[in-house]
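Visitor: I'd like to ask some things about the structure below.
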Amino acid sequence: MNANTPQSWYDFPEMETMDPRTFIQTLTFQDQAGTVQPSSFQRSPTWLQNVTWIDPPMIVTPFATAVPTITVQNAQDYESQQIANRWNSSHAMTATSTKLPRSVEKIMFLKAGAAFLNTLYLDWTVGVTSTDIQFSLNMNSVTSGDFTNSASGTIPVFAFKSATYGGTARSLNVTILRPGRYDVAIRIIDNSGNSSMYEMFWIVL
């Protein structure tokens, strides 16, 4: 089998982990206080927990409340500014209706390119917070954690800076280097010690 093309559940333990740095340049998340917190790359031994997992305390912010957009950080990059303006007027990056099942809410459209910062918005369940959040490829959750030339297996993640995360319309900001389809997830350990995984399917154009 190809290392990252499983054909059954028997193949998953043999898969190498997939590194999110291959397509993500920067990743930040807004905390409960409204501060945009950075993430840093690490090999995480805590991506998975030996517990019973619960449904994630997170949903896409209703489109009527916060509209996801792309922005250009370089004010002198006029061509990219024009591309961003056209994108924002013609692309709905997240679901425009709240009357959809969770299974399709995870589908999101983003823009590739080092010039562009994609901003998505997520709502936390009222009363739920977390200080332990990590981001990786969803498929890494079923691998052994091994990676090329590793001495011991761990999962490659972006770990968000320690802070209290919660609230509504919290911005998740990402610069993606190349187009593709990426099944990604946010691993959450909440303030009650529950573990959950919020999955997103990014279609990057």
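In the structure tokens, the first chain shown is A, the next is B, and so on; residue numbers restart at 1 for each chain, and ligands run from 1 in the order shown.
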Among the residues of region 52-154 of chain A, find those DSSP assigns to strand (DSSP E or B) from the backbone and print them as a ChimeraX atom specification.
Guide: /A:58-60,69-72,107-110,112,116-124,130-137
Visitor: Kindly save the residues from that selection, with N, CA and C atoms included, as an mmCIF file, in the first residue's frame.
Guide:
```
data_model
loop_
_atom_site.group_PDB
_atom_site.id
_atom_site.type_symbol
_atom_site.label_atom_id
_atom_site.label_comp_id
_atom_site.auth_asym_id
_atom_site.auth_seq_id
_atom_site.Cartn_x
_atom_site.Cartn_y
_atom_site.Cartn_z
ATOM 1 N N MET A 58 -18.269 22.864 19.549
ATOM 2 C CA MET A 58 -17.933 23.886 18.564
ATOM 3 C C MET A 58 -18.797 23.711 17.317
ATOM 4 N N ILE A 59 -19.226 24.827 16.742
ATOM 5 C CA ILE A 59 -19.938 24.829 15.469
ATOM 6 C C ILE A 59 -19.436 26.023 14.654
ATOM 7 N N VAL A 60 -19.760 26.015 13.365
ATOM 8 C CA VAL A 60 -19.459 27.176 12.531
ATOM 9 C C VAL A 60 -20.347 28.335 12.968
ATOM 10 N N THR A 69 -13.668 35.724 5.525
ATOM 11 C CA THR A 69 -13.069 36.474 4.417
ATOM 12 C C THR A 69 -11.597 36.099 4.274
ATOM 13 N N ILE A 70 -10.989 36.578 3.194
ATOM 14 C CA ILE A 70 -9.537 36.554 3.095
ATOM 15 C C ILE A 70 -9.048 37.998 3.094
ATOM 16 N N THR A 71 -7.871 38.194 3.656
ATOM 17 C CA THR A 71 -7.247 39.515 3.675
ATOM 18 C C THR A 71 -5.808 39.390 3.209
ATOM 19 N N VAL A 72 -5.226 40.524 2.838
ATOM 20 C CA VAL A 72 -3.837 40.584 2.390
ATOM 21 C C VAL A 72 -3.070 41.433 3.387
ATOM 22 N N ILE A 107 -17.662 21.408 5.630
ATOM 23 C CA ILE A 107 -17.091 21.755 4.322
ATOM 24 C C ILE A 107 -16.841 23.257 4.266
ATOM 25 N N MET A 108 -15.596 23.639 4.008
ATOM 26 C CA MET A 108 -15.207 25.050 3.962
ATOM 27 C C MET A 108 -14.313 25.298 2.753
ATOM 28 N N PHE A 109 -14.437 26.489 2.172
ATOM 29 C CA PHE A 109 -13.650 26.852 0.997
ATOM 30 C C PHE A 109 -12.651 27.941 1.381
ATOM 31 N N LEU A 110 -11.377 27.713 1.046
ATOM 32 C CA LEU A 110 -10.331 28.654 1.394
ATOM 33 C C LEU A 110 -9.491 28.981 0.169
ATOM 34 N N ALA A 112 -5.703 29.581 -1.481
ATOM 35 C CA ALA A 112 -4.280 29.285 -1.330
ATOM 36 C C ALA A 112 -3.440 30.488 -1.707
ATOM 37 N N PHE A 116 -2.316 35.483 1.245
ATOM 38 C CA PHE A 116 -3.691 35.553 1.733
ATOM 39 C C PHE A 116 -3.858 34.932 3.119
ATOM 40 N N LEU A 117 -4.553 35.660 3.987
ATOM 41 C CA LEU A 117 -4.916 35.160 5.301
ATOM 42 C C LEU A 117 -6.403 34.825 5.284
ATOM 43 N N ASN A 118 -6.720 33.549 5.433
ATOM 44 C CA ASN A 118 -8.110 33.090 5.493
ATOM 45 C C ASN A 118 -8.606 33.206 6.928
ATOM 46 N N THR A 119 -9.767 33.822 7.114
ATOM 47 C CA THR A 119 -10.351 33.944 8.446
ATOM 48 C C THR A 119 -11.708 33.262 8.478
ATOM 49 N N LEU A 120 -11.792 32.202 9.295
ATOM 50 C CA LEU A 120 -13.039 31.480 9.537
ATOM 51 C C LEU A 120 -13.522 31.830 10.942
ATOM 52 N N TYR A 121 -14.809 31.599 11.213
ATOM 53 C CA TYR A 121 -15.359 31.907 12.536
ATOM 54 C C TYR A 121 -16.045 30.681 13.127
ATOM 55 N N LEU A 122 -15.756 30.424 14.408
ATOM 56 C CA LEU A 122 -16.308 29.271 15.114
ATOM 57 C C LEU A 122 -16.937 29.712 16.431
ATOM 58 N N ASP A 123 -18.023 29.034 16.797
ATOM 59 C CA ASP A 123 -18.707 29.274 18.072
ATOM 60 C C ASP A 123 -18.438 28.126 19.030
ATOM 61 N N TRP A 124 -18.106 28.454 20.267
ATOM 62 C CA TRP A 124 -18.017 27.457 21.321
ATOM 63 C C TRP A 124 -19.390 27.305 21.987
ATOM 64 N N SER A 130 -11.564 25.904 26.979
ATOM 65 C CA SER A 130 -10.436 24.979 26.916
ATOM 66 C C SER A 130 -9.137 25.763 26.994
ATOM 67 N N THR A 131 -8.137 25.144 27.583
ATOM 68 C CA THR A 131 -6.787 25.713 27.572
ATOM 69 C C THR A 131 -5.817 24.788 26.832
ATOM 70 N N ASP A 132 -6.340 23.716 26.251
ATOM 71 C CA ASP A 132 -5.497 22.712 25.596
ATOM 72 C C ASP A 132 -6.084 22.387 24.225
ATOM 73 N N ILE A 133 -5.572 23.068 23.183
ATOM 74 C CA ILE A 133 -6.079 22.903 21.825
ATOM 75 C C ILE A 133 -4.913 22.633 20.882
ATOM 76 N N GLN A 134 -5.093 21.633 20.034
ATOM 77 C CA GLN A 134 -4.091 21.313 19.020
ATOM 78 C C GLN A 134 -4.779 21.110 17.674
ATOM 79 N N PHE A 135 -4.018 21.317 16.603
ATOM 80 C CA PHE A 135 -4.544 21.216 15.237
ATOM 81 C C PHE A 135 -3.651 20.285 14.434
ATOM 82 N N SER A 136 -4.272 19.400 13.652
ATOM 83 C CA SER A 136 -3.493 18.527 12.779
ATOM 84 C C SER A 136 -4.391 17.980 11.681
ATOM 85 N N LEU A 137 -3.841 17.064 10.882
ATOM 86 C CA LEU A 137 -4.641 16.325 9.911
ATOM 87 C C LEU A 137 -5.492 15.321 10.669
#
```
Visitor: For the contact check between region 3-118 of chain A and region 178-190 of chain A, emit one row per residue of region 3-118 of chain A within 10 Å, containing the shortest atom pair and the distance in Å rounded to one decimal, counting only C-alpha atoms, chain then rising number order, as a Markdown table.
Guide:
```
| residue | atom | partner | partner_atom | distance |
| --- | --- | --- | --- | --- |
| A:Pro20 | CA | A:Val184 | CA | 8.8 |
| A:Thr22 | CA | A:Arg178 | CA | 8.9 |
| A:Phe23 | CA | A:Arg178 | CA | 6.0 |
| A:Ile24 | CA | A:Arg178 | CA | 8.3 |
| A:Gln25 | CA | A:Arg178 | CA | 9.9 |
| A:Thr46 | CA | A:Arg187 | CA | 9.6 |
| A:Trp47 | CA | A:Arg187 | CA | 6.8 |
| A:Leu48 | CA | A:Arg187 | CA | 8.1 |
| A:Gln49 | CA | A:Ile189 | CA | 9.2 |
| A:Trp53 | CA | A:Ile189 | CA | 9.9 |
| A:Pro56 | CA | A:Ile188 | CA | 7.5 |
| A:Pro57 | CA | A:Asp190 | CA | 8.4 |
| A:Met58 | CA | A:Ile188 | CA | 9.7 |
| A:Lys106 | CA | A:Asp183 | CA | 9.4 |
| A:Ile107 | CA | A:Asp183 | CA | 9.4 |
| A:Met108 | CA | A:Arg181 | CA | 10.0 |
| A:Phe109 | CA | A:Arg181 | CA | 9.5 |
| A:Leu110 | CA | A:Pro179 | CA | 8.7 |
| A:Lys111 | CA | A:Pro179 | CA | 7.6 |
| A:Ala112 | CA | A:Arg178 | CA | 5.1 |
| A:Gly113 | CA | A:Arg178 | CA | 6.3 |
| A:Ala114 | CA | A:Arg178 | CA | 8.6 |
```
Visitor: Give me a file of those residues, with N, CA and C atoms, as a CSV table (one decimal), in the first residue's frame.
Guide:
```csv
chain,number,residue,atom,x,y,z
A,20,PRO,N,1.3,18.9,8.9
A,20,PRO,CA,0.5,20.1,8.5
A,20,PRO,C,1.3,21.2,7.9
A,22,THR,N,3.3,21.1,5.6
A,22,THR,CA,3.5,20.9,4.2
A,22,THR,C,2.6,21.8,3.4
A,23,PHE,N,1.5,22.3,4.1
A,23,PHE,CA,0.6,23.2,3.4
A,23,PHE,C,0.1,24.4,4.2
A,24,ILE,N,0.5,24.4,5.4
A,24,ILE,CA,0.1,25.6,6.3
A,24,ILE,C,1.3,26.4,6.6
A,25,GLN,N,1.2,27.7,6.3
A,25,GLN,CA,2.3,28.6,6.7
A,25,GLN,C,2.2,29.3,8.1
A,46,THR,N,0.2,14.0,23.1
A,46,THR,CA,-1.1,14.1,23.7
A,46,THR,C,-2.2,14.4,22.7
A,47,TRP,N,-2.0,14.2,21.4
A,47,TRP,CA,-3.0,14.4,20.4
A,47,TRP,C,-4.2,13.5,20.7
A,48,LEU,N,-4.0,12.3,21.0
A,48,LEU,CA,-5.1,11.4,21.4
A,48,LEU,C,-5.0,11.1,22.9
A,49,GLN,N,-6.2,10.9,23.4
A,49,GLN,CA,-6.4,10.6,24.8
A,49,GLN,C,-7.1,9.2,24.9
A,53,TRP,N,-14.6,9.6,23.8
A,53,TRP,CA,-14.7,10.9,23.2
A,53,TRP,C,-16.1,11.4,23.1
A,56,PRO,N,-17.8,17.5,19.8
A,56,PRO,CA,-17.1,18.8,20.0
A,56,PRO,C,-18.0,19.9,20.4
A,57,PRO,N,-17.5,20.8,21.3
A,57,PRO,CA,-18.3,21.9,21.8
A,57,PRO,C,-18.2,23.1,20.8
A,58,MET,N,-18.3,22.9,19.5
A,58,MET,CA,-17.9,23.9,18.6
A,58,MET,C,-18.8,23.7,17.3
A,106,LYS,N,-19.0,21.0,8.0
A,106,LYS,CA,-17.6,20.9,8.1
A,106,LYS,C,-16.9,21.3,6.7
A,107,ILE,N,-17.7,21.4,5.6
A,107,ILE,CA,-17.1,21.8,4.3
A,107,ILE,C,-16.8,23.3,4.3
A,108,MET,N,-15.6,23.6,4.0
A,108,MET,CA,-15.2,25.1,4.0
A,108,MET,C,-14.3,25.3,2.8
A,109,PHE,N,-14.4,26.5,2.2
A,109,PHE,CA,-13.7,26.9,1.0
A,109,PHE,C,-12.7,27.9,1.4
A,110,LEU,N,-11.4,27.7,1.0
A,110,LEU,CA,-10.3,28.7,1.4
A,110,LEU,C,-9.5,29.0,0.2
A,111,LYS,N,-8.7,30.0,0.3
A,111,LYS,CA,-7.8,30.5,-0.8
A,111,LYS,C,-6.4,30.2,-0.5
A,112,ALA,N,-5.7,29.6,-1.5
A,112,ALA,CA,-4.3,29.3,-1.3
A,112,ALA,C,-3.4,30.5,-1.7
A,113,GLY,N,-2.2,30.6,-1.1
A,113,GLY,CA,-1.3,31.6,-1.5
A,113,GLY,C,-0.7,32.3,-0.2
A,114,ALA,N,0.6,32.5,-0.3
A,114,ALA,CA,1.3,33.1,0.9
A,114,ALA,C,0.8,34.5,1.2
```
Visitor: Of the residues A:Met200, A:Ile155, A:Val128, A:Ala84, which is the one nearest to Thr168 (chain A), using only C-alpha atoms?
Guide: A:Val128
Visitor: Enumerate the residues of chain A with a DSSP assignment of alpha helix (DSSP H), computed from the backbone, and present them as a PyMOL selection string.
Guide: chain A and resi 78-90+102-105
Visitor: For CA of Arg170 (chain A) and CA of Asp31 (chain A), quote the distance in Å rounded to one decimal.
Guide: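 If I compute the distance from CA of Arg170 (chain A) to CA of Asp31 (chain A), I get 6.9 Å.
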Visitor: Just to confirm, what's the straight-line distance from CA of Ile54 (chain A) to CA of Asn191 (chain A) in Å (one decimal)?
Guide: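 CA of Asn191 (chain A) lies at a distance of 13.2 Å from CA of Ile54 (chain A).
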Visitor: So how far away is CA of Pro38 (chain A) from CA of Ser171 (chain A), in Å?
Guide: 11.9 Å
Visitor: Excluding Asp146 (chain A) and residues on its chain fewer than 4 positions from it, collect all residues at most 12 Å away from it, counting only C-alpha atoms, and give them as number ranges by chain.
Guide: A: 3, 12-19, 43-45, 140-142, 150-156
Visitor: With distances taken over only C-alpha atoms, which residue among A:Ala75, A:Ala115, A:Ala163, A:Val157 lies nearest Ile176 (chain A)?
Guide: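 Comparing A:Ala75, A:Ala115, A:Ala163, A:Val157 against Ile176 (chain A), the winner is A:Ala115.
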